[in-house]
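A.B. asks: What follows is protein-v6.cif, mmCIF, C-alpha atoms.
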```cif
data_entry
loop_
_atom_site.label_atom_id
_atom_site.label_comp_id
_atom_site.auth_asym_id
_atom_site.auth_seq_id
_atom_site.Cartn_x
_atom_site.Cartn_y
_atom_site.Cartn_z
CA LYS A 7 107.29 102.61 114.88
CA LYS A 8 106.33 100.05 117.43
CA VAL A 9 108.69 97.28 118.49
CA LEU A 10 107.44 93.73 118.96
CA GLN A 11 109.34 91.07 120.82
CA ASN A 12 108.74 87.36 120.71
CA SER A 13 110.85 84.49 121.93
CA GLN A 14 113.10 84.34 118.86
CA LYS A 15 113.55 87.81 117.34
CA ILE A 16 112.67 91.44 117.66
CA SER A 17 110.50 93.01 114.99
CA LYS A 18 109.12 96.46 114.37
CA ILE A 19 105.89 97.71 112.90
CA ALA A 20 106.15 100.34 110.16
CA LEU A 21 103.41 102.47 108.64
CA VAL A 22 103.64 102.28 104.84
CA MET A 23 101.75 103.08 101.67
CA LEU A 24 101.52 100.63 98.77
CA TYR A 25 100.27 101.61 95.32
CA THR A 26 98.82 99.30 92.70
CA ASN A 27 97.37 100.36 89.37
CA THR A 28 93.88 100.17 90.89
CA SER A 29 94.31 101.01 94.57
CA LEU A 30 96.18 102.68 97.39
CA VAL A 31 96.79 100.78 100.63
CA ARG A 32 97.89 102.49 103.83
CA GLY A 33 98.69 100.17 106.71
CA GLU A 34 101.28 98.55 108.92
CA ILE A 35 103.84 95.89 108.05
CA VAL A 36 106.03 93.88 110.41
CA VAL A 37 109.74 93.74 109.56
CA LYS A 38 112.90 92.72 111.38
CA ILE A 39 114.20 95.51 113.56
CA SER A 40 117.47 95.52 111.60
CA GLN A 41 115.74 96.09 108.24
CA ARG A 42 115.48 99.46 106.57
CA VAL A 43 111.81 99.85 105.76
CA ASN A 44 112.21 102.17 102.76
CA ILE A 45 114.18 99.49 100.85
CA TRP A 46 112.40 96.46 102.38
CA LEU A 47 110.94 95.27 99.04
CA ARG A 48 114.50 94.99 97.68
CA SER A 49 115.60 92.65 100.46
CA GLN A 50 115.90 88.91 100.10
CA GLY A 51 113.09 86.97 101.64
CA THR A 52 110.38 89.51 100.91
CA PRO A 53 107.15 87.48 100.87
CA ASN A 54 105.10 86.89 97.72
CA PHE A 55 102.11 88.32 99.59
CA ILE A 56 102.61 91.41 101.71
CA HIS A 57 100.81 91.06 105.03
CA VAL A 58 99.32 94.46 105.88
CA LEU A 59 97.81 95.10 109.30
CA ARG A 60 94.93 97.57 109.78
CA PRO A 61 94.89 98.57 106.09
CA GLN A 62 92.87 101.45 104.78
CA VAL A 63 92.24 100.93 101.07
CA ILE A 64 91.12 103.34 98.38
CA SER A 65 90.03 101.50 95.23
CA PHE A 66 89.76 103.15 91.83
CA GLY A 67 87.84 101.78 88.91
CA GLY A 68 84.26 102.92 89.37
CA ALA A 69 82.63 106.31 89.01
CA SER A 70 84.24 107.45 92.26
CA PRO A 71 86.95 106.03 94.56
CA ARG A 72 85.75 103.53 97.17
CA THR A 73 87.25 103.16 100.62
CA SER A 74 87.52 99.96 102.63
CA THR A 75 89.12 98.93 105.90
CA PHE A 76 90.15 95.50 107.09
CA SER A 77 91.83 94.09 110.15
CA GLU A 78 94.45 92.46 107.88
CA MET A 79 95.02 91.93 104.18
CA PHE A 80 97.44 90.05 101.97
CA LEU A 81 98.49 92.01 98.90
CA SER A 82 100.28 90.25 96.05
CA GLY A 83 103.78 91.68 95.78
CA ALA A 84 103.55 91.27 92.00
CA GLN A 85 100.80 93.93 91.94
CA VAL A 86 102.69 96.54 93.94
CA ALA A 87 103.86 99.37 91.69
CA GLY A 88 104.96 101.82 94.39
CA PHE A 89 105.97 101.67 98.05
CA HIS A 90 107.07 104.15 100.72
CA THR A 91 106.99 104.78 104.43
CA VAL A 92 104.35 107.22 105.66
CA PRO A 93 105.93 110.64 106.31
CA PRO A 94 107.58 111.75 108.40
CA SER A 95 110.21 109.03 108.25
CA ASP A 96 113.71 108.88 109.65
CA GLU A 97 114.87 106.27 107.13
CA PRO A 98 118.16 107.16 105.42
CA LEU A 99 118.30 107.47 101.64
CA ASP A 100 119.85 104.60 99.69
CA TYR A 101 122.80 106.44 98.11
CA GLU A 102 125.88 108.41 99.03
CA MET A 103 125.73 112.14 98.26
CA SER A 104 129.45 112.15 97.50
CA GLU A 105 129.12 109.52 94.76
CA THR A 106 130.62 110.94 91.56
CA HIS A 107 129.35 110.69 87.99
CA ARG A 108 125.72 110.63 89.07
CA MET A 109 122.90 113.05 88.38
CA MET A 110 119.28 113.48 89.39
CA GLN A 111 116.89 113.22 86.42
CA PRO A 112 113.45 114.82 86.97
CA LEU A 113 110.61 112.53 85.89
CA ASP A 114 106.85 112.26 86.07
CA ILE A 115 105.71 108.75 86.93
CA LEU A 116 102.18 107.40 86.57
CA ILE A 117 100.86 104.66 88.82
CA GLY A 118 97.24 104.16 87.86
CA THR A 119 95.62 107.53 88.57
CA PHE A 120 98.50 108.75 90.77
CA LEU A 121 101.04 111.25 89.43
CA LEU A 122 104.48 111.26 91.04
CA LYS A 123 106.80 114.17 90.27
CA GLY A 124 110.25 113.15 91.41
CA LYS A 125 113.84 112.42 90.47
CA VAL A 126 115.78 109.26 89.69
CA ARG A 127 119.53 108.92 90.17
CA LEU A 128 121.38 108.05 86.96
CA SER A 129 124.90 107.74 85.69
CA THR A 130 126.04 110.86 83.86
CA GLN A 131 127.12 108.52 81.03
CA VAL A 132 123.59 107.38 80.06
CA ASP A 133 120.17 108.86 79.41
CA ILE A 134 116.93 107.72 81.00
CA ALA A 135 115.95 105.55 78.00
CA THR A 136 119.21 103.61 78.13
CA SER A 137 119.07 103.31 81.90
CA LEU A 138 115.53 101.90 81.83
CA ASP A 139 116.42 99.53 79.01
CA VAL A 140 119.51 98.02 80.64
CA THR A 141 118.51 98.09 84.31
CA ARG A 142 117.10 94.77 85.44
CA ALA A 143 116.34 95.79 89.01
CA ALA A 144 112.85 94.96 90.22
CA TRP A 145 112.69 98.24 92.18
CA MET A 146 113.84 101.74 91.28
CA SER A 147 114.32 104.52 93.81
CA VAL A 148 112.59 107.84 93.25
CA TYR A 149 113.60 110.85 95.33
CA ASP A 150 111.94 114.11 96.41
CA ALA A 151 108.58 113.00 95.06
CA THR A 152 105.32 114.89 95.20
CA ILE A 153 102.36 112.52 94.80
CA THR A 154 98.91 113.69 93.68
CA ASN A 155 95.74 112.16 92.30
CA PRO A 156 93.05 114.03 90.31
CA ASN A 157 90.39 111.75 91.82
CA LEU A 158 91.46 112.76 95.34
CA PRO A 159 91.93 116.57 95.25
CA GLN A 160 92.91 116.64 98.94
CA PHE A 161 95.72 114.08 98.37
CA ASN A 162 99.04 115.89 98.05
CA MET A 163 102.00 114.15 99.65
CA PHE A 164 105.76 114.72 99.61
CA VAL A 165 108.10 111.79 100.27
CA PRO A 166 111.90 111.94 100.30
CA MET A 167 112.13 108.46 98.76
CA LEU A 168 109.93 105.71 97.40
CA LEU A 169 110.37 102.55 95.40
CA VAL A 170 108.61 101.92 92.09
CA ASN A 171 108.43 98.74 90.03
CA PRO A 172 109.62 99.95 86.59
CA THR A 173 107.52 97.31 84.79
CA LEU A 174 104.26 98.55 86.36
CA VAL A 175 104.61 102.32 85.97
CA THR A 176 104.83 104.82 83.12
CA PHE A 177 107.69 107.32 82.94
CA GLY A 178 107.35 110.78 81.43
CA LEU A 179 110.10 113.34 80.85
CA VAL A 180 109.29 116.93 81.72
#
```
Please lay out the structure from this file as structure tokens.
C.D. replies:
Amino acid sequence: KKVLQNSQKISKIALVMLYTNTSLVRGEIVVKISQRVNIWLRSQGTPNFIHVLRPQVISFGGASPRTSTFSEMFLSGAQVAGFHTVPPSDEPLDYEMSETHRMMQPLDILIGTFLLKGKVRLSTQVDIATSLDVTRAAWMSVYDATITNPNLPQFNMFVPMLLVNPTLVTFGLV
């Protein structure tokens, strides 16, 4: 992480990955130094367009994935289905281990051609169907996720936590 200072506030640059149903973007975002990057999309004031610096983009949709690089890009937040910091990250998880009446539910999650094998934290009083049906949160945390893509055999990543937009992904029970 790099720290930027201007006359009014101190910001930091964080390396992140953003998933849409047709692409993967790896690049840098600028956030306030006090913000936790791994839950940044949940915070108030998140822009409608995510300003990504030095993005590397892999686009899917043709016969084979295409790569592109830009100096900057603006990605519609409404298209982002998944988001995480690039490992390794020192960001803390967004829950307390000691919290009672919670369980980790293993799930497979599809984002376009990406397969995420991870866990979601649920109340012990509900199943995943009920939780998805009643939860109105724009972002859901997924923990201990392995991310792969059959179109990118070399792509195999483990992240301790990521955010997914439940309305843009597909959930599968294992």
A.B. asks: Taking the file above as input, evaluate the PyMOL selection byres ((chain A and resi 178) around 6) and report the hits as number ranges by chain.
C.D. replies: A: 113-114, 177, 179
A.B. asks: Can I get the selection written as a tab-separated table (two decimals), in the coordinates of the input, with C-alpha atoms?
C.D. replies:
```tsv
chain	number	residue	atom	x	y	z
A	113	LEU	CA	110.61	112.53	85.89
A	114	ASP	CA	106.85	112.26	86.07
A	177	PHE	CA	107.69	107.32	82.94
A	179	LEU	CA	110.10	113.34	80.85
```
A.B. asks: Evaluated on this file, the PyMOL selection byres ((chain A and resi 81) around 12) picks out some residues - which ones are they, written as a ChimeraX atom specification?
C.D. replies: /A:23-26,29-33,35,53-59,61,63,78-80,82-87
A.B. asks: Next, dump the selected residues to file, keeping only C-alpha atoms, as a PDB file, in the coordinates of the input.
C.D. replies:
```pdb
ATOM      1  CA  MET A  23     101.750 103.080 101.670  1.00  0.00           C
ATOM      2  CA  LEU A  24     101.520 100.630  98.770  1.00  0.00           C
ATOM      3  CA  TYR A  25     100.270 101.610  95.320  1.00  0.00           C
ATOM      4  CA  THR A  26      98.820  99.300  92.700  1.00  0.00           C
ATOM      5  CA  SER A  29      94.310 101.010  94.570  1.00  0.00           C
ATOM      6  CA  LEU A  30      96.180 102.680  97.390  1.00  0.00           C
ATOM      7  CA  VAL A  31      96.790 100.780 100.630  1.00  0.00           C
ATOM      8  CA  ARG A  32      97.890 102.490 103.830  1.00  0.00           C
ATOM      9  CA  GLY A  33      98.690 100.170 106.710  1.00  0.00           C
ATOM     10  CA  ILE A  35     103.840  95.890 108.050  1.00  0.00           C
ATOM     11  CA  PRO A  53     107.150  87.480 100.870  1.00  0.00           C
ATOM     12  CA  ASN A  54     105.100  86.890  97.720  1.00  0.00           C
ATOM     13  CA  PHE A  55     102.110  88.320  99.590  1.00  0.00           C
ATOM     14  CA  ILE A  56     102.610  91.410 101.710  1.00  0.00           C
ATOM     15  CA  HIS A  57     100.810  91.060 105.030  1.00  0.00           C
ATOM     16  CA  VAL A  58      99.320  94.460 105.880  1.00  0.00           C
ATOM     17  CA  LEU A  59      97.810  95.100 109.300  1.00  0.00           C
ATOM     18  CA  PRO A  61      94.890  98.570 106.090  1.00  0.00           C
ATOM     19  CA  VAL A  63      92.240 100.930 101.070  1.00  0.00           C
ATOM     20  CA  GLU A  78      94.450  92.460 107.880  1.00  0.00           C
ATOM     21  CA  MET A  79      95.020  91.930 104.180  1.00  0.00           C
ATOM     22  CA  PHE A  80      97.440  90.050 101.970  1.00  0.00           C
ATOM     23  CA  SER A  82     100.280  90.250  96.050  1.00  0.00           C
ATOM     24  CA  GLY A  83     103.780  91.680  95.780  1.00  0.00           C
ATOM     25  CA  ALA A  84     103.550  91.270  92.000  1.00  0.00           C
ATOM     26  CA  GLN A  85     100.800  93.930  91.940  1.00  0.00           C
ATOM     27  CA  VAL A  86     102.690  96.540  93.940  1.00  0.00           C
ATOM     28  CA  ALA A  87     103.860  99.370  91.690  1.00  0.00           C
TER      29      ALA A  87
END
```
A.B. asks: I want to know what sits within 7 Å of range 39-42 of chain A, based on all atoms listed in the file, with residues of the same chain fewer than 5 positions away left out; could you give that as number ranges by chain?
C.D. replies: A: 16-18, 97
A.B. asks: Just give me the residues with any atom within 12 Å of (120.0, 107.1, 83.6), file coordinates, counting all atoms listed in the file, written as a list in words.
C.D. replies: His107, Arg108, Met109, Met110, Gln111, Pro112, Leu113, Lys125, Val126, Arg127, Leu128, Ser129, Thr130, Gln131, Val132, Asp133, Ile134, Ala135, Thr136, Ser137, Leu138, Asp139, Val140, Thr141, Met146 and Ser147 of chain A
A.B. asks: How many Å separate CA of Met167 in chain A from CA of Asp150 in chain A?
C.D. replies: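 The value is 6.1 Å.
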A.B. asks: Return as a compact mmCIF listing (two decimals) with C-alpha atoms, keeping the file's coordinate frame the set of residues that the PyMOL selection byres ((chain A and resi 48) around 12) yields on the displayed structure.
C.D. replies:
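What ended up in part-v1.txt:
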```txt
# COMPACT_ATOMS: atom_id res chain seq x y z
CA GLN A 41 115.74 96.09 108.24
CA ARG A 42 115.48 99.46 106.57
CA VAL A 43 111.81 99.85 105.76
CA ASN A 44 112.21 102.17 102.76
CA ILE A 45 114.18 99.49 100.85
CA TRP A 46 112.40 96.46 102.38
CA LEU A 47 110.94 95.27 99.04
CA SER A 49 115.60 92.65 100.46
CA GLN A 50 115.90 88.91 100.10
CA GLY A 51 113.09 86.97 101.64
CA THR A 52 110.38 89.51 100.91
CA PRO A 53 107.15 87.48 100.87
CA GLY A 83 103.78 91.68 95.78
CA PHE A 89 105.97 101.67 98.05
CA ASP A 100 119.85 104.60 99.69
CA ALA A 143 116.34 95.79 89.01
CA ALA A 144 112.85 94.96 90.22
CA TRP A 145 112.69 98.24 92.18
CA MET A 146 113.84 101.74 91.28
CA SER A 147 114.32 104.52 93.81
CA LEU A 168 109.93 105.71 97.40
CA LEU A 169 110.37 102.55 95.40
CA VAL A 170 108.61 101.92 92.09
CA ASN A 171 108.43 98.74 90.03
```
A.B. asks: In Å, how far is it from CA of Pro94 in chain A to CA of Thr173 in chain A?
C.D. replies: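 Taking CA of Pro94 in chain A as the start and CA of Thr173 in chain A as the end point, the length is 27.7 Å.
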A.B. asks: Which residue out of A:Tyr149, A:Phe76, A:Phe120, A:Phe164 has the minimum interatomic distance to Asn27 in chain A when all atoms listed in the file are used?
C.D. replies: A:Phe120
A.B. asks: Looking at all atoms listed in the file, which of A:Gly88, A:Thr119, A:Thr106, A:Pro93 is the one that sits closest to Leu158 in chain A?
C.D. replies: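 Looking at the shortest contact to Leu158 in chain A, the residue is A:Thr119.
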A.B. asks: Tell me which of A:Pro156, A:Leu174, A:Arg60, A:Phe66 sits closest to Leu121 in chain A, counting all atoms listed in the file.
C.D. replies: A:Pro156
A.B. asks: Please measure the separation of CA of Gly68 in chain A and CA of Gly124 in chain A, giving the value in Å to one decimal.
C.D. replies: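 About the pair CA of Gly68 in chain A and CA of Gly124 in chain A: they are 28.0 Å apart.
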